[in-house]
Number of protein chains: 4
Amino acid sequence: MAYQAGVVGGSGYTGAELLRLLAGHPDIDVVHVTAASNAGTSVGSLYPSLGVAYPGLEYAPFDPVALGELDLAFLALPHGESQLLAPQLVDSVPHLVDLGADFRLPAADYAQWYGGDHAAPELLDRFAFGLPELFRDTIATLDHVASPGCYPTAATLALAPLVAGGLVEPTGIVVDAMSGVSGAGRALKHPSHFSEVDENVSAYGLLTHRHTAEMELALTLVGDAPVQVLFTPHLVPMVRGIHATCHARPAVTGLSTESLLETCREFYAGESFVSVVDDPPPTKATTGGNGCLVTVRYDGRTDSVLAIGVLDNLVKGASGQAVQNANLLLGLPEDAGLVAIGMWP
Amino acid sequence: MAYQAGVVGGSGYTGAELLRLLAGHPDIDVVHVTAASNAGTSVGSLYPSLGVAYPGLEYAPFDPVALGELDLAFLALPHGESQLLAPQLVDSVPHLVDLGADFRLPAADYAQWYGGDHAAPELLDRFAFGLPELFRDTIATLDHVASPGCYPTAATLALAPLVAGGLVEPTGIVVDAMSGVSGAGRALKHPSHFSEVDENVSAYGLLTHRHTAEMELALTLVGDAPVQVLFTPHLVPMVRGIHATCHARPAVTGLSTESLLETCREFYAGESFVSVVDDPPPTKATTGGNGCLVTVRYDGRTDSVLAIGVLDNLVKGASGQAVQNANLLLGLPEDAGLVAIGMWP
Amino acid sequence: MAYQAGVVGGSGYTGAELLRLLAGHPDIDVVHVTAASNAGTSVGSLYPSLGVAYPGLEYAPFDPVALGELDLAFLALPHGESQLLAPQLVDSVPHLVDLGADFRLPAADYAQWYGGDHAAPELLDRFAFGLPELFRDTIATLDHVASPGCYPTAATLALAPLVAGGLVEPTGIVVDAMSGVSGAGRALKHPSHFSEVDENVSAYGLLTHRHTAEMELALTLVGDAPVQVLFTPHLVPMVRGIHATCHARPAVTGLSTESLLETCREFYAGESFVSVVDDPPPTKATTGGNGCLVTVRYDGRTDSVLAIGVLDNLVKGASGQAVQNANLLLGLPEDAGLVAIGMWP
Amino acid sequence: MAYQAGVVGGSGYTGAELLRLLAGHPDIDVVHVTAASNAGTSVGSLYPSLGVAYPGLEYAPFDPVALGELDLAFLALPHGESQLLAPQLVDSVPHLVDLGADFRLPAADYAQWYGGDHAAPELLDRFAFGLPELFRDTIATLDHVASPGCYPTAATLALAPLVAGGLVEPTGIVVDAMSGVSGAGRALKHPSHFSEVDENVSAYGLLTHRHTAEMELALTLVGDAPVQVLFTPHLVPMVRGIHATCHARPAVTGLSTESLLETCREFYAGESFVSVVDDPPPTKATTGGNGCLVTVRYDGRTDSVLAIGVLDNLVKGASGQAVQNANLLLGLPEDAGLVAIGMWP
């Protein structure tokens with residue numbers, strides 16, 4: 001019999017993507033989905049793509065009692081909201097997978113990057129940092145998971161083998177990353193307006209994007225010294241995809257592209273969803289799938305290391321990784337209901 | 001044990017889409033894939049999206065002996081090529097599913113629209129016209145199937161309930177349809193060049209597009225009088241999707257939008273992949289899935305009927321429908337390995 | 001010395017496009033620009049593309065006194081607003097060019113298609129219907145102009161030679177048209193959200209789109225019998241461009257594609273902005289320019305006529321045509337400040 | 001009387017863009033245009049956007065005698081070709097503006113980055129490096145100009161004020177840049193195929209892109225020490241636009257974002273085409289115009305400098321800059337025939 005799941009905040013893009021992915025999950029059934037402003041609306045009317053799979057499902061208002069009867073709940077809420085709702089859920093719902101930023105950072109880091117105190121700091125250590133390839137063991141020991149953001153997943157997976165191996169300096173790291181527009185969600189704002197963003201590239205959040213903190217946190221855990229990153233995100237005219245281009249300075253001599261590729265291959269050996277490739281990976285290779293493709297280069301001319309990671313921000317960067325985490329929490333095969341294969345073209 | 005399948009012409013987009021879909025099929029395994037100019041190349045190097053699912057698979061040259069050992073073969077070739085290869089396969093391979101245009105039309109129609117005689121007219125009646133929702137019974141009685149084109153599938157599914165019910169005149173039908181660029185395949189030509197087609201819409205194939213014949217053929221079979229269609233295709237700047245906007249004149253009085261919608265709902269009751277919807281269906285609702293969405297209107301002001309059908313040209317318009325046909329040929333559940341759900345956004 | 005112009009509603013896309021075009025106009029200077037919610041904002045902060053050309057210009061609130069000191073004013077307002085403001089301007093501003101729908105239709109038609117009475121019906125006959133190629137003489141006799149919409153301009157210019165010559169039946173005309181997203185303006189709504197509209201085509205406004213009335217009005221004026229059109233607009237994933245595909249039934253015998261092309265060429269001989277072309281015209285050929293490209297076909301097989309018109313919805317479909325009308329009102333060369341050439345790629 | 005100009009290689013995108021821009025130039029007339037494989041074709045048939053402006057113009061084969069009768073010629077050829085043709089032109093054509101890479105680098109640098117000896121090294125010092133904002137004086141003293149590439153123009157204009165002022169270290173500079181697909185030209189190849197590049201971002205030319213050498217050359221000339229850059233280009237799904245994101249380490253203490261912005265403003269004071277802006281500049285603000293927008297940041301947290309430059313790769317990154325250089329060579333106003341204003345949306 002399948003686990004009964006709920007999606008809190010199912011009217012946004014990560015919620016809709018959870019519904020798409022879980023429609024094909026052999027062991028998890030979505031039986032309850034909530035939305036604030038869209039309560040009372042059918043899933044199919046908001047997402048005609050989902051109508052066939054969920055013919056009778058309507059968005060319900062948030063109801064902790066109803067959620068308490070489920071086996072697990074995904075929280076797919078705007079940043080700041082799950083810390084307000086989690087206190088009503090952490091003890092009654094066996095497993096929470098939070099797709100937002102609220103339970104990813106220690107309280108002090110949260111305050112620094114989000115500009116205010118966390119509303120439920122006492123719950124922070126009940127959530128694992130949900131990057132399975134790096135923290136699988138920790139995830140299995142806790143009840144709840146905070147799935148990391150799309151940019152941090154891409155950049156961290158690209159850099160982790162290098163940082164873990166002590167091959168690059170922990171400071172002076174530069175991450176220039178590009179995101180598809182779906183990363184900004186379904187909310188209406190001019191930077192997501194077709195006529196403004198199509199045929200356009202622009203950087204945003206210069207120096208201060210909050211995902212910086214997640215990259216530094218995860219990479220610091222992987223290595224053995226505080227990691228410092230300058231992260232610059234760019235919005236590019238596509239719907240899905242993250243491309244993280246990462247620069248670091250060597251911490252050792254004798255590096256070569258071949259040795260770095262081999263280091264990465266060994267680091268990710270046996271992983272279902274992270275592949276190390278020789279050529280620069282295109283984001284499109286991951287569209288719709290839970291895969292992350294990584295490559296790396298050593299440039300002798302400038303004595304520097306270049307690492308690239310790509311993924312689909314709504315899958316490996318959000319809802320797919322959330323399902324992967326749920327599988328870990330429930331003791332299911334980590335790849336249940338997920339594919340690594342992307343849709344091309 | 002799964003059926004062993006081959007894909008002849010697996011380096012094009014419909015071939016690659018077959019590989020993507022069949023990677024998740026519970027009862028069909030692709031064990032052999034051929035390509036002409038790409039023979040010797042690994043599937044993963046041409047399609048990084050597929051590398052994870054087919055780590056060791058390489059494109060082989062065409063080899064009828066190797067194909068003869070399989071349970072079925074998909075032919076995903078440029079128009080005109082499968083009629084040259086089919087004679088070597090029709091008796092040795094239990095089931096062929098041709099995704100090209102070679103076995104869709106009677107010999108006379110073929111000669112009229114393709115401007116030359118068919119090379120293997122004696123084989124034509126061994127292939128069923130593979131629109132399962134309309135010709136399911138015939139498909140099951142033959143060994144081989146000719147899957148129809150993307151435009152004809154969309155337009156025919158939109159118009160079939162109206163023609164079958166005798167509600168519209170069989171002549172004077174107008175189909176204005178729009179296609180994503182993947183419909184033109186992976187071959188290099190200026191109309192598929194990004195800088196030429198992005199931010200651009202243009203009509204093409206005015207008056208003479210060959211898919212006209214398939215629409216007329218299928219709708220004539222569905223109704224009881226020769227159907228005549230003026231079909232105008234348009235290229236629009238997206239990768240996947242067909243939008244068929246169809247106009248017809250009423251053959252009866254007393255029509256209403258409500259009655260027409262009800263006619264369509266009854267016609268497609270129980271179908272897994274065709275849904276009748278109230279609102280104008282967006283192509284995006286079908287992206288990556290095998291669904292086709294249909295709506296219809298009666299306009300009293302101009303006394304005319306408007307029907308719309310949308311689908312993903314590479315799935316329901318090609319490779320997904322081919323799998324659906326293969327399921328029918330093999331006696332599997334018609335939806336095995338297929339989903340109706342689309343990817344949104 | 002240049003004419004002093006104002007733009008009322010200069011923060012929307014047609015307003016911004018007026019500013020772009022008039023920055024290069026030799027005889028018209030924009031010295032005043034208003035915006036409601038953006039009053040007090042600099043033009044350059046809202047449109048970084050315009051900052052260089054208008055370094056000091058700020059959006060002012062609506063002020064009929066200030067406008068009354070100008071030589072002309074363009075009204076680039078949401079539909080319904082200019083009928084409320086025009087009474088304060090028609091006598092004090094020598095020339096108004098309204099880009100909205102308020103003064104295009106007779107009062108009865110307006111009420112029928114817009115669902116409510118016109119607020120200033122007594123002013124309607126002081127505005128010419130601003131399609132210069134068809135109504136140049138009328139425009140010159142009036143003080144003010146109502147520039148037609150983007151869809152009507154494209155469809156009417158494609159069909160006008162055929163209707164004027166009595167070559168096609170005035171009823172049973174079908175127009176299937178596609179528009180870039182900028183036609184929906186800068187306002188925030190889900191149908192303009194990048195992630196919803198990219199990789200997507202959908203029809204909208206089925207049976208009831210208000211531009212139908214403008215097409216019927218203009219074509220009825222051009223011919224000598226009431227024209228009836230079924231118009232179906234489609235949204236396609238590009239920023240700019242209108243593609244109007246028009247179908248009509250012949251009213252005479254003996255038509256041919258060659259004769260129809262010749263009819264169109266004669267009809268538009270000497271026009272700066274309408275070109276008759278042999279091949280299906282791509283919208284991209286008009287991007288940024290004030291050109292409209294037209295072609296036509298006769299299909300003997302179905303005995304029907306197909307006409308296509310393309311243009312840039314923000315230029316010939318809005319702001320460029322408004323400048324063309326202003327030139328007529330001011331007695332300037334009709335092409336002053338305008339180019340027909342498009343930007344490719 | 002206008003200068004008579006020729007375009008050698010007028011069938012590619014930079015050639016077509018030259019024709020578009022020069023159609024509006026008050027003092028330069030294009031009277032001759034050549035193309036290799038398209039000789040005999042009319043400009044209007046290849047570029048319907050240009051048909052109106054050049055109704056009778058046909059592509060001619062290369063003919064040095066015909067070119068020798070002109071006042072100037074633009075060479076818009078694939079890399080490697082102008083060094084083969086230039087010897088026949090440098091003495092007979094008063095002014096050459098080469099848009100290719102052949103005359104930008106010293107012979108040794110050329111050999112290093114292009115992998116072979118230059119065919120006409122003796123002509124290299126007869127071409128000025130055509131970045132007018134930096135080398136205006138040199139350009140005016142020579143007859144011919146080698147216009148720099150799109151990436152180098154964007155990155156160099158962003159970094160030049162910092163390097164010139166000695167504010168950043170000359171080594172360790174990182175440039176991550178994104179380009180629209182038109183930068184790859186009109187030639188047919190899979191990385192320019194719509195279905196491959198749409199909804200896709202990928203890096204390419206890792207470590208070895210030839211534009212690296214131009215950035216290093218220009219910035220070394222601007223500063224006083226050898227500059228070293230690691231340049232990583234990315235292809236993004238848009239037609240036009242370059243976004244260069246540049247990182248450098250401070251060479252002095254006490255930097256601030258405000259001081260760096262002021263440094264840049266002073267450096268570019270009075271320039272028609274380079275604007276320093278406070279917010280991250282979007283590439284779209286430059287579409288179709290000859291403008292380049294620049295911004296800069298100092299990050300105290302990581303002690304690093306971030307500079308961004310954006311432009312339209314076909315205008316300021318190619319044909320617009322070529323016209324700007326031609327104006328300098330001819331003693332015309334530097335902005336003749338050019339606008340800084342972009343097309344938005």
# chains A, B, ... in the order shown; residues from 1 in each chain; ligands from 1
call {"tool": "select_by_dssp", "arguments": {"residues": "range 75-133 of chain B", "states": "helix (DSSP H, G or I)", "output": "list in words"}}
result
Ser82, Gln83, Leu84, Leu85, Ala86, Pro87, Gln88, Ala107, Ala108, Asp109, Tyr110, Ala111, Gln112, Trp113, Tyr114, Pro121, Glu122, Leu123, Leu124, Asp125, Arg126, Pro132 and Glu133 of chain B
call {"tool": "residues_around", "arguments": {"residues": "Asn200 in chain D", "least_positions_apart": "3", "cutoff": "8 Å", "atoms": "only C-alpha atoms", "output": "list in words"}}
result
Met238, Gly241, Pro282, Thr283 and Lys284 of chain A; Glu196, Val197, Val236 and Pro237 of chain D
call {"tool": "write_last_selection", "arguments": {"atoms": "N, CA, C and O atoms", "output": "PDB file, in the first residue's frame"}}
result
ATOM      1  N   MET A 238      14.705  31.157 -20.701  1.00  0.00           N
ATOM      2  CA  MET A 238      14.223  29.784 -20.878  1.00  0.00           C
ATOM      3  C   MET A 238      13.381  29.469 -19.654  1.00  0.00           C
ATOM      4  O   MET A 238      13.432  30.190 -18.650  1.00  0.00           O
ATOM      5  N   GLY A 241      16.025  25.186 -16.030  1.00  0.00           N
ATOM      6  CA  GLY A 241      17.454  24.953 -16.177  1.00  0.00           C
ATOM      7  C   GLY A 241      18.284  25.860 -15.294  1.00  0.00           C
ATOM      8  O   GLY A 241      17.982  27.047 -15.134  1.00  0.00           O
ATOM      9  N   PRO A 282      24.966  20.587 -21.407  1.00  0.00           N
ATOM     10  CA  PRO A 282      23.877  21.531 -21.691  1.00  0.00           C
ATOM     11  C   PRO A 282      22.736  21.326 -20.692  1.00  0.00           C
ATOM     12  O   PRO A 282      22.395  20.196 -20.350  1.00  0.00           O
ATOM     13  N   THR A 283      22.133  22.415 -20.270  1.00  0.00           N
ATOM     14  CA  THR A 283      21.025  22.293 -19.309  1.00  0.00           C
ATOM     15  C   THR A 283      19.895  21.440 -19.879  1.00  0.00           C
ATOM     16  O   THR A 283      19.214  20.732 -19.147  1.00  0.00           O
ATOM     17  N   LYS A 284      19.683  21.517 -21.188  1.00  0.00           N
ATOM     18  CA  LYS A 284      18.569  20.815 -21.803  1.00  0.00           C
ATOM     19  C   LYS A 284      18.649  19.302 -21.574  1.00  0.00           C
ATOM     20  O   LYS A 284      17.620  18.618 -21.567  1.00  0.00           O
TER      21      LYS A 284
ATOM     22  N   GLU D 196      17.842  22.547 -30.623  1.00  0.00           N
ATOM     23  CA  GLU D 196      18.966  22.210 -29.751  1.00  0.00           C
ATOM     24  C   GLU D 196      19.274  23.335 -28.768  1.00  0.00           C
ATOM     25  O   GLU D 196      19.699  23.082 -27.651  1.00  0.00           O
ATOM     26  N   VAL D 197      19.088  24.562 -29.196  1.00  0.00           N
ATOM     27  CA  VAL D 197      19.564  25.693 -28.393  1.00  0.00           C
ATOM     28  C   VAL D 197      18.440  26.364 -27.617  1.00  0.00           C
ATOM     29  O   VAL D 197      18.680  26.989 -26.595  1.00  0.00           O
ATOM     30  N   VAL D 236      23.196  31.228 -24.955  1.00  0.00           N
ATOM     31  CA  VAL D 236      21.877  31.302 -24.317  1.00  0.00           C
ATOM     32  C   VAL D 236      20.807  31.497 -25.391  1.00  0.00           C
ATOM     33  O   VAL D 236      21.086  32.024 -26.471  1.00  0.00           O
ATOM     34  N   PRO D 237      19.579  31.068 -25.100  1.00  0.00           N
ATOM     35  CA  PRO D 237      18.546  31.046 -26.143  1.00  0.00           C
ATOM     36  C   PRO D 237      17.914  32.399 -26.433  1.00  0.00           C
ATOM     37  O   PRO D 237      16.766  32.658 -26.098  1.00  0.00           O
TER      38      PRO D 237
END
call {"tool": "residues_around", "arguments": {"residues": "range 139-148 of chain C", "least_positions_apart": "2", "cutoff": "10 Å", "atoms": "only C-alpha atoms", "output": "ChimeraX atom specification"}}
result
/C:72-75,90-91,93-105,123-132,134-137,150-153,211,214-215,218,316-331
call {"tool": "write_last_selection", "arguments": {"atoms": "C-alpha atoms", "output": "mmCIF file, in the first residue's frame"}}
result
data_model
loop_
_atom_site.group_PDB
_atom_site.id
_atom_site.type_symbol
_atom_site.label_atom_id
_atom_site.label_comp_id
_atom_site.auth_asym_id
_atom_site.auth_seq_id
_atom_site.Cartn_x
_atom_site.Cartn_y
_atom_site.Cartn_z
ATOM 1 C CA LEU C 72 -0.273 67.152 -30.838
ATOM 2 C CA ALA C 73 -0.752 64.378 -28.347
ATOM 3 C CA PHE C 74 -0.668 60.628 -28.657
ATOM 4 C CA LEU C 75 -3.023 58.722 -26.366
ATOM 5 C CA VAL C 90 -10.249 67.509 -28.412
ATOM 6 C CA ASP C 91 -10.685 71.272 -28.606
ATOM 7 C CA VAL C 93 -4.968 70.027 -28.545
ATOM 8 C CA PRO C 94 -4.810 70.558 -32.309
ATOM 9 C CA HIS C 95 -4.252 66.900 -33.071
ATOM 10 C CA LEU C 96 -4.911 63.732 -31.119
ATOM 11 C CA VAL C 97 -3.763 60.311 -32.234
ATOM 12 C CA ASP C 98 -5.503 57.704 -30.128
ATOM 13 C CA LEU C 99 -3.836 54.295 -30.110
ATOM 14 C CA GLY C 100 -6.643 52.710 -28.100
ATOM 15 C CA ALA C 101 -9.954 51.283 -29.245
ATOM 16 C CA ASP C 102 -12.200 54.047 -27.974
ATOM 17 C CA PHE C 103 -12.704 56.054 -31.140
ATOM 18 C CA ARG C 104 -12.477 53.386 -33.781
ATOM 19 C CA LEU C 105 -16.045 52.106 -33.901
ATOM 20 C CA LEU C 123 -16.757 62.905 -30.364
ATOM 21 C CA LEU C 124 -16.659 59.781 -32.481
ATOM 22 C CA ASP C 125 -16.983 61.516 -35.814
ATOM 23 C CA ARG C 126 -14.124 63.829 -35.051
ATOM 24 C CA PHE C 127 -11.700 60.875 -35.282
ATOM 25 C CA ALA C 128 -10.739 59.301 -38.586
ATOM 26 C CA PHE C 129 -10.164 55.548 -38.791
ATOM 27 C CA GLY C 130 -6.412 55.642 -39.058
ATOM 28 C CA LEU C 131 -5.431 53.099 -41.657
ATOM 29 C CA PRO C 132 -3.545 55.430 -43.965
ATOM 30 C CA LEU C 134 -7.034 52.808 -47.108
ATOM 31 C CA PHE C 135 -8.346 56.038 -45.646
ATOM 32 C CA ARG C 136 -5.603 58.555 -46.253
ATOM 33 C CA ASP C 137 -7.972 61.112 -47.719
ATOM 34 C CA CYS C 150 -2.701 45.361 -34.572
ATOM 35 C CA TYR C 151 -4.816 42.399 -35.688
ATOM 36 C CA PRO C 152 -7.203 44.539 -37.770
ATOM 37 C CA THR C 153 -4.329 46.298 -39.482
ATOM 38 C CA HIS C 211 -10.918 43.326 -33.050
ATOM 39 C CA GLU C 214 -12.651 46.717 -36.631
ATOM 40 C CA MET C 215 -11.910 44.258 -39.398
ATOM 41 C CA ALA C 218 -12.751 48.654 -42.345
ATOM 42 C CA LYS C 316 2.700 49.205 -37.966
ATOM 43 C CA GLY C 317 0.211 47.650 -35.544
ATOM 44 C CA ALA C 318 0.376 50.547 -33.087
ATOM 45 C CA SER C 319 2.996 53.242 -32.572
ATOM 46 C CA GLY C 320 4.494 53.363 -36.042
ATOM 47 C CA GLN C 321 1.079 53.678 -37.612
ATOM 48 C CA ALA C 322 0.286 56.381 -35.057
ATOM 49 C CA VAL C 323 3.337 58.322 -36.205
ATOM 50 C CA GLN C 324 2.303 57.744 -39.811
ATOM 51 C CA ASN C 325 -1.106 59.205 -38.956
ATOM 52 C CA ALA C 326 0.485 62.113 -37.123
ATOM 53 C CA ASN C 327 2.558 62.855 -40.192
ATOM 54 C CA LEU C 328 -0.641 62.985 -42.242
ATOM 55 C CA LEU C 329 -2.349 65.283 -39.752
ATOM 56 C CA LEU C 330 0.630 67.624 -39.678
ATOM 57 C CA GLY C 331 1.168 67.658 -43.426
#
call {"tool": "residues_around", "arguments": {"residues": "Val277 in chain D", "least_positions_apart": "5", "cutoff": "9 Å", "atoms": "only C-alpha atoms", "output": "number ranges by chain"}}
result
C: 48; D: 261, 265, 293-296
call {"tool": "write_last_selection", "arguments": {"atoms": "C-alpha atoms", "output": "PDB file, in the first residue's frame"}}
result
ATOM      1  CA  PRO C  48      16.751  51.549 -19.669  1.00  0.00           C
TER       2      PRO C  48
ATOM      3  CA  LEU D 261      30.796  53.750 -10.410  1.00  0.00           C
ATOM      4  CA  ARG D 265      31.316  57.587 -15.175  1.00  0.00           C
ATOM      5  CA  LEU D 293      25.744  49.589 -20.715  1.00  0.00           C
ATOM      6  CA  VAL D 294      28.178  49.083 -17.895  1.00  0.00           C
ATOM      7  CA  THR D 295      27.930  48.734 -14.156  1.00  0.00           C
ATOM      8  CA  VAL D 296      30.376  47.796 -11.415  1.00  0.00           C
TER       9      VAL D 296
END
call {"tool": "closest_residue", "arguments": {"among": "C:Pro233, C:Gly51, C:Gly12, C:Gly223", "to": "chain A", "atoms": "only C-alpha atoms"}}
result
C:Gly12
call {"tool": "closest_atom_pairs", "arguments": {"of": "chain B", "to": "chain C", "cutoff": "8 Å", "atoms": "only C-alpha atoms", "output": "tab-separated table"}}
result
residue	atom	partner	partner_atom	distance
B:Gly172	CA	C:Thr302	CA	7.0
B:Asp176	CA	C:Asp176	CA	7.0
B:Ser195	CA	C:Pro345	CA	5.6
B:Glu196	CA	C:Pro345	CA	6.1
B:Asp198	CA	C:Met238	CA	7.3
B:Glu199	CA	C:Met238	CA	4.7
B:Asn200	CA	C:Lys284	CA	4.9
B:Val201	CA	C:Thr283	CA	5.5
B:Ser202	CA	C:Pro282	CA	4.5
B:Ala203	CA	C:Pro280	CA	5.9
B:Tyr204	CA	C:Pro280	CA	6.4
B:Leu206	CA	C:Pro280	CA	7.9
B:Leu207	CA	C:Asp299	CA	6.4
B:Gln228	CA	C:Thr302	CA	7.3
B:Val229	CA	C:Thr302	CA	7.5
B:Leu230	CA	C:Thr302	CA	6.7
B:Val236	CA	C:Val236	CA	7.0
B:Pro237	CA	C:Pro237	CA	6.3
B:Met238	CA	C:Glu199	CA	4.7
B:Val239	CA	C:Glu199	CA	6.6
B:Arg240	CA	C:Glu199	CA	7.0
B:Gly241	CA	C:Asn200	CA	7.3
B:His243	CA	C:Val201	CA	6.7
B:Thr245	CA	C:Asp176	CA	7.9
B:Pro280	CA	C:Ala203	CA	5.8
B:Pro281	CA	C:Ser202	CA	6.3
B:Pro282	CA	C:Ser202	CA	4.5
B:Thr283	CA	C:Asn200	CA	5.4
B:Lys284	CA	C:Asn200	CA	4.9
B:Arg297	CA	C:Leu206	CA	7.9
B:Asp299	CA	C:Leu207	CA	6.4
B:Thr302	CA	C:Leu230	CA	6.7
B:Trp344	CA	C:Glu196	CA	7.8
B:Pro345	CA	C:Ser195	CA	5.6
call {"tool": "write_last_selection", "arguments": {"atoms": "N, CA and C atoms", "output": "short mmCIF file (atom, residue, chain, number, x, y, z; two decimals), in the first residue's frame"}}
result
data_model
loop_
_atom_site.label_atom_id
_atom_site.label_comp_id
_atom_site.auth_asym_id
_atom_site.auth_seq_id
_atom_site.Cartn_x
_atom_site.Cartn_y
_atom_site.Cartn_z
N GLY B 172 -15.04 22.24 -47.62
CA GLY B 172 -14.91 23.60 -47.11
C GLY B 172 -14.26 23.67 -45.75
N ASP B 176 -5.94 25.68 -39.96
CA ASP B 176 -4.75 26.51 -39.79
C ASP B 176 -4.02 25.98 -38.57
N SER B 195 18.35 31.67 -35.12
CA SER B 195 18.26 33.11 -35.37
C SER B 195 17.24 33.46 -36.45
N GLU B 196 16.86 32.47 -37.24
CA GLU B 196 15.85 32.72 -38.27
C GLU B 196 14.43 32.49 -37.74
N ASP B 198 13.48 32.07 -34.28
CA ASP B 198 13.09 32.67 -33.01
C ASP B 198 12.51 34.05 -33.28
N GLU B 199 11.52 34.43 -32.49
CA GLU B 199 10.84 35.71 -32.70
C GLU B 199 10.32 35.83 -34.13
N ASN B 200 9.71 34.78 -34.59
CA ASN B 200 9.25 34.74 -35.97
C ASN B 200 8.09 33.76 -36.10
N VAL B 201 7.12 34.12 -36.90
CA VAL B 201 6.07 33.18 -37.31
C VAL B 201 5.97 33.28 -38.82
N SER B 202 5.91 32.12 -39.48
CA SER B 202 5.61 32.18 -40.91
C SER B 202 4.85 30.94 -41.32
N ALA B 203 4.01 31.13 -42.30
CA ALA B 203 3.31 30.01 -42.92
C ALA B 203 4.24 29.37 -43.94
N TYR B 204 3.97 28.12 -44.27
CA TYR B 204 4.80 27.45 -45.28
C TYR B 204 3.95 26.38 -45.95
N LEU B 206 2.15 26.40 -48.50
CA LEU B 206 0.81 26.89 -48.83
C LEU B 206 0.14 26.02 -49.90
N LEU B 207 -1.05 25.58 -49.62
CA LEU B 207 -1.94 24.81 -50.53
C LEU B 207 -1.52 23.36 -50.75
N GLN B 228 -12.81 17.21 -47.68
CA GLN B 228 -11.83 18.06 -48.34
C GLN B 228 -11.38 19.15 -47.38
N VAL B 229 -10.07 19.30 -47.27
CA VAL B 229 -9.48 20.21 -46.29
C VAL B 229 -8.50 21.14 -46.97
N LEU B 230 -8.55 22.43 -46.61
CA LEU B 230 -7.46 23.33 -46.96
C LEU B 230 -6.61 23.51 -45.72
N VAL B 236 6.14 28.15 -35.59
CA VAL B 236 6.20 29.11 -34.48
C VAL B 236 7.40 28.80 -33.60
N PRO B 237 7.90 29.83 -32.89
CA PRO B 237 9.17 29.66 -32.17
C PRO B 237 9.04 28.92 -30.85
N MET B 238 8.79 27.64 -30.94
CA MET B 238 8.85 26.78 -29.76
C MET B 238 9.37 25.43 -30.23
N VAL B 239 9.79 24.61 -29.31
CA VAL B 239 10.39 23.34 -29.71
C VAL B 239 9.33 22.30 -30.02
N ARG B 240 8.38 22.13 -29.11
CA ARG B 240 7.37 21.08 -29.24
C ARG B 240 5.97 21.68 -29.23
N GLY B 241 5.06 20.98 -29.90
CA GLY B 241 3.67 21.38 -29.82
C GLY B 241 3.04 21.56 -31.19
N HIS B 243 -0.73 23.04 -32.62
CA HIS B 243 -2.03 23.65 -32.35
C HIS B 243 -2.79 23.67 -33.67
N THR B 245 -6.20 24.65 -35.49
CA THR B 245 -7.43 25.42 -35.42
C THR B 245 -8.23 25.09 -36.68
N PRO B 280 -9.95 27.04 -24.25
CA PRO B 280 -8.98 26.80 -25.33
C PRO B 280 -7.75 26.10 -24.78
N PRO B 281 -7.42 24.93 -25.27
CA PRO B 281 -6.30 24.18 -24.69
C PRO B 281 -4.96 24.74 -25.12
N PRO B 282 -4.02 24.88 -24.19
CA PRO B 282 -2.66 25.32 -24.53
C PRO B 282 -1.79 24.12 -24.90
N THR B 283 -0.96 24.28 -25.90
CA THR B 283 -0.08 23.16 -26.29
C THR B 283 0.79 22.71 -25.13
N LYS B 284 1.20 23.66 -24.29
CA LYS B 284 2.12 23.33 -23.21
C LYS B 284 1.55 22.27 -22.26
N ARG B 297 -16.38 24.93 -30.62
CA ARG B 297 -17.32 26.04 -30.45
C ARG B 297 -18.28 26.08 -31.64
N ASP B 299 -20.41 29.04 -33.53
CA ASP B 299 -20.60 30.50 -33.59
C ASP B 299 -21.88 30.82 -34.35
N THR B 302 -21.79 33.73 -37.23
CA THR B 302 -21.33 33.40 -38.58
C THR B 302 -21.78 32.00 -39.01
N TRP B 344 4.48 21.16 -17.07
CA TRP B 344 4.13 22.59 -17.00
C TRP B 344 4.71 23.17 -15.75
N PRO B 345 5.43 24.21 -15.75
CA PRO B 345 5.79 24.97 -16.95
C PRO B 345 6.98 24.28 -17.66
#
